[in-house]
Amino acid sequence: MKKHFYYFLALTCFFLACTPSDKPSTLETSDKETDEFVWQTESFADKKMIRYQIPGFEKLTLDQKKLVYYLTQAGLAGRDITYDQNYKHNLAIRKALDKIMMDYKGDKSSADWKGLEKYAKEVWFASGIHHHYGNEKFTPEFSQDYFETILSETGAALSDVAKRAMFDPSVDPMRIDQSDPEKLLENSAVNFYADNVGTAEAKAFYAKKNEDAGLYAPLFGLNSQLVKDESGQLQERVWKVDGMYGEAIQEIIKWLELATTVAENEPQKKALELLIEYYKTGDLKTFDLYSIAWTQATEGDIDYINSFIEVYHDPLGYKGSYESIVEINDFEASERMAVVADNAAYFESNSPIMDEHKKKEVVGISYKVVNVAGESGDASPSTPIGVNLPNSNWIRARHGSKSVSLGNIVEGYSNADGPGLLQEFAHDDEEIARAKKHGKLGAKMHTALHEVIGHASGQLEPGVENPAQALQNFASPLEEARADLVALYYIMDQKLVDMGLMESLDVGKAEYDSYLKNGMMTQLRRIQPGKTIEQAHMRNRAMVAHWAFEKGSAAGAVEMVKREGKSYIDIKDYDKMRELFGELLREVQRIKSQGDYAAAKAIFEDYGIQVDPAIHQEVLDRSAKLNIPPYGGFINPKLVPVEENGEITDIQVEYPDDFTEQMLDYAENFGFLPAVN
């Protein structure tokens, strides 16, 4: 899956422009109850909690409702996996915090308790003790002595080594640390590799696997932890029912098997059965068969993502984080947007990339706008707004891909945020007016083009079979940059107006304004002073924006305006900026197609990692007065079965409004992995 986050939750670019438009866009869905629905429930640290609705759920048949329920339960059954993948002590720490938050009956008015409560929420939000986006470890705002007292009073247990991980700043300070390419594993806290496995030997291990496998190699390393045996030889602990994470995987399988009994059609059922087989065996060739079957199962109203998918949290780009998203088709919006997928050949043939990097035939691209019914693992609480899968390059080339936009998630973000950032950072009234009228649609069109066309476009040169291996830690940001650049190039194409998707190119102009502000300025709200940019999607946006600004400034197409001590970006020639985005797309596609690590490293080190301290401080100062948390996450709806005589007769939807209560409910009902202290 490719994501605008948090994991391309990069809705900061969306936040800048998502004030209500004058009339519904061609991508919008409607719900008469949204005006009365409370979207944002609370905020803490740098985060706000939002709720989302499930439009149309009541129109589903009973079997469809059961399918959604079973798939959602399967997703939640694996949530412990994500915690353990992120850091070896996370589960033990979270389970201790869960018990404290459930059982503590003492004084809850003290500063120490408030700090502990905030810490627990941050751990729940990030699925661990490191920030979900910035990767730095949380600093407890309570003393260790106080924590020891609370542990004793509640009967919660935690080892000394886990407590040291919480309180000692020097212990595993970064979940992912990319500052030294030679020590990516040694410096990162993620639990995909044993502590005694080094960067060089892990790279060599997987390079050998790929070298021996040929063109149709599976995604080696996707579903395992790399460890050493007693003799010091590298081996994989596979995530499967009789292997690592087996207790949780058995529960996932239980619910997936129930889902097969109410599948909407045979292709959907076949894909579910292959996913179950994959969970049982851990065989990556079975995962490829599942990915093909899932890609081809395009009929029906219900779809899902469930498995070890994205590799953003592995510094080497091999290990898939567990995640689950359950989706219900938004028929009206999907029908309107199918035109993008139907015209994929136009976009490929007219791309500014080199001819040898264009696909000769564009196959199997499907696009839907969907409404999320439930999320878990690495997709929750911080969630993508769009998805494109599978990630295997050869499967995409031969069998196509699925792209979805998560319509009700976008709606949730939109309703939870106000116009403050736009007013503060826009250059002038003309830009503000354009954003208010066209920005919401511009953000949605960018997502659609990013997912449907961007990730599905281009091809590798002969001999380049695994660009992730070749590009290493720059593979993920480069791929996101490639998809963003496709979207940026085509959002200023008259073809979209002719298709009826936009009323004018002002939609594209609004997105250009938003993208440059976000990449160069407003996303810096998410970074602590003195830090560099670490997260893949942030590196992508910074690189694209700074490169385009540098070239555009030299050409007179854009400038940084200073006014009353504040900086503003003023685009003067949008056509020239489109030309520059096309030029950069050509180079980024070349880098991927050729697996050019040196070029990838150079372009990100020059434009996508370092932070201008003066601009950074200015952004922090200007943003502070707005009191708008830079990150958002979601409280999931709760699906409740109605039973008569032991049979499910209906599934009802409840909309919880308390993040803590939902996390404790999950702890009580979906904690299947033991805490290893």
# chains A, B, ... in the order shown; residues from 1 in each chain; ligands from 1

call {"tool": "residues_around", "arguments": {"residues": "region 271-281 of chain A", "least_positions_apart": "2", "cutoff": "7 Å", "atoms": "only C-alpha atoms", "output": "mmCIF file with N, CA and C atoms, in the first residue's frame"}}
result
data_model
loop_
_atom_site.group_PDB
_atom_site.id
_atom_site.type_symbol
_atom_site.label_atom_id
_atom_site.label_comp_id
_atom_site.auth_asym_id
_atom_site.auth_seq_id
_atom_site.Cartn_x
_atom_site.Cartn_y
_atom_site.Cartn_z
ATOM 1 N N LYS A 240 3.861 -16.908 11.152
ATOM 2 C CA LYS A 240 2.846 -17.849 10.672
ATOM 3 C C LYS A 240 2.224 -18.547 11.871
ATOM 4 N N VAL A 241 1.238 -19.389 11.601
ATOM 5 C CA VAL A 241 0.424 -19.928 12.681
ATOM 6 C C VAL A 241 1.232 -20.787 13.660
ATOM 7 N N ILE A 249 -2.009 -14.877 14.996
ATOM 8 C CA ILE A 249 -2.334 -15.314 13.636
ATOM 9 C C ILE A 249 -3.426 -16.372 13.649
ATOM 10 N N ILE A 253 -6.874 -16.066 11.508
ATOM 11 C CA ILE A 253 -7.374 -17.137 10.640
ATOM 12 C C ILE A 253 -8.809 -17.513 11.009
ATOM 13 N N LEU A 256 -11.034 -15.000 9.459
ATOM 14 C CA LEU A 256 -10.989 -15.071 7.994
ATOM 15 C C LEU A 256 -11.753 -16.291 7.486
ATOM 16 N N THR A 260 -14.966 -16.396 4.793
ATOM 17 C CA THR A 260 -15.143 -17.174 3.555
ATOM 18 C C THR A 260 -16.563 -17.720 3.434
ATOM 19 N N PRO A 267 -14.290 -15.354 -6.696
ATOM 20 C CA PRO A 267 -12.948 -14.759 -6.672
ATOM 21 C C PRO A 267 -12.583 -14.197 -5.298
ATOM 22 N N GLN A 268 -13.540 -13.563 -4.641
ATOM 23 C CA GLN A 268 -13.289 -13.028 -3.304
ATOM 24 C C GLN A 268 -13.000 -14.155 -2.317
ATOM 25 N N LYS A 269 -13.773 -15.226 -2.401
ATOM 26 C CA LYS A 269 -13.572 -16.373 -1.528
ATOM 27 C C LYS A 269 -12.213 -17.018 -1.784
ATOM 28 N N ASP A 283 4.471 -19.113 3.458
ATOM 29 C CA ASP A 283 5.115 -19.248 2.153
ATOM 30 C C ASP A 283 4.877 -17.993 1.319
ATOM 31 N N THR A 286 2.951 -18.328 -1.879
ATOM 32 C CA THR A 286 1.505 -18.321 -1.660
ATOM 33 C C THR A 286 1.000 -16.896 -1.512
ATOM 34 N N PHE A 287 1.810 -16.041 -0.880
ATOM 35 C CA PHE A 287 1.412 -14.631 -0.772
ATOM 36 C C PHE A 287 1.301 -13.993 -2.146
ATOM 37 N N TYR A 290 -1.894 -15.144 -3.584
ATOM 38 C CA TYR A 290 -2.968 -14.393 -2.930
ATOM 39 C C TYR A 290 -3.053 -12.978 -3.512
ATOM 40 N N ALA A 293 -4.737 -13.062 -6.842
ATOM 41 C CA ALA A 293 -6.167 -13.347 -6.691
ATOM 42 C C ALA A 293 -6.896 -12.144 -6.106
ATOM 43 N N TRP A 294 -6.301 -11.483 -5.125
ATOM 44 C CA TRP A 294 -6.915 -10.302 -4.520
ATOM 45 C C TRP A 294 -7.022 -9.166 -5.537
#

call {"tool": "residues_around", "arguments": {"residues": "Val370 (chain A)", "least_positions_apart": "5", "cutoff": "7 Å", "atoms": "only C-alpha atoms", "output": "number ranges by chain"}}
result
A: 327-330, 404-407

call {"tool": "closest_atom_pairs", "arguments": {"of": "region 105-150 of chain A", "to": "region 37-47 of chain A", "cutoff": "9 Å", "atoms": "only C-alpha atoms", "output": "tab-separated table"}}
result
residue	atom	partner	partner_atom	distance
A:Lys118	CA	A:Phe44	CA	6.8
A:Lys121	CA	A:Phe44	CA	8.0
A:Glu122	CA	A:Ala45	CA	7.8
A:Phe125	CA	A:Lys47	CA	8.8

call {"tool": "select_by_dssp", "arguments": {"residues": "region 639-674 of chain A", "states": "strand (DSSP E or B)", "output": "list in words"}}
result
Leu639, Val640, Pro641, Val642, Glu643, Glu644, Glu647, Ile648, Thr649, Asp650, Ile651, Gln652, Val653 and Glu654 of chain A

call {"tool": "write_last_selection", "arguments": {"atoms": "C-alpha atoms", "output": "short mmCIF file (atom, residue, chain, number, x, y, z; two decimals), in the first residue's frame"}}
result
data_model
loop_
_atom_site.label_atom_id
_atom_site.label_comp_id
_atom_site.auth_asym_id
_atom_site.auth_seq_id
_atom_site.Cartn_x
_atom_site.Cartn_y
_atom_site.Cartn_z
CA LEU A 639 -19.61 -3.27 15.03
CA VAL A 640 -21.96 -5.09 17.40
CA PRO A 641 -23.64 -8.37 16.35
CA VAL A 642 -27.30 -8.89 17.23
CA GLU A 643 -28.06 -12.55 17.94
CA GLU A 644 -31.18 -14.67 18.26
CA GLU A 647 -27.47 -16.85 15.13
CA ILE A 648 -26.42 -13.37 14.01
CA THR A 649 -29.50 -11.54 12.74
CA ASP A 650 -27.98 -8.09 12.29
CA ILE A 651 -24.84 -6.02 12.83
CA GLN A 652 -25.28 -2.62 14.43
CA VAL A 653 -22.84 0.28 14.29
CA GLU A 654 -21.89 2.25 17.38
#

call {"tool": "select_by_dssp", "arguments": {"residues": "region 115-321 of chain A", "states": "alpha helix (DSSP H)", "output": "number ranges by chain"}}
result
A: 115-126, 144-154, 160-167, 199-213, 246-260, 266-281, 284-296

call {"tool": "residues_around", "arguments": {"residues": "Gly134 (chain A)", "least_positions_apart": "4", "cutoff": "10 Å", "atoms": "only C-alpha atoms", "output": "list in words"}}
result
Tyr6, His130, Met174, Arg175, Ile176, Arg526, Ile527, Gln528, Lys531, Thr532, Ile533, Glu534, Gln535 and Met538 of chain A

call {"tool": "closest_residue", "arguments": {"among": "A:Pro140, A:Glu323, A:Lys163, A:Lys66", "to": "Ala92 (chain A)", "atoms": "only C-alpha atoms"}}
result
A:Lys163

call {"tool": "closest_residue", "arguments": {"among": "A:Gly377, A:Gly317, A:Gly214, A:Pro55", "to": "Phe670 (chain A)", "atoms": "only C-alpha atoms"}}
result
A:Gly377

call {"tool": "closest_residue", "arguments": {"among": "A:Met244, A:Ala333, A:Ile353, A:Ala433", "to": "Gln589 (chain A)", "atoms": "only C-alpha atoms"}}
result
A:Ile353

call {"tool": "atom_distance", "arguments": {"atom1": "CA of Ser321 (chain A)", "atom2": "CA of Phe308 (chain A)"}}
result
4.9 Å

call {"tool": "residues_around", "arguments": {"residues": "Ala156 (chain A)", "least_positions_apart": "2", "cutoff": "9 Å", "atoms": "only C-alpha atoms", "output": "list in words"}}
result
Lys95, Ala96, Leu97, Asp98, Lys99, Ile100, Ile150, Leu151, Ser152, Glu153, Thr154 and Leu158 of chain A
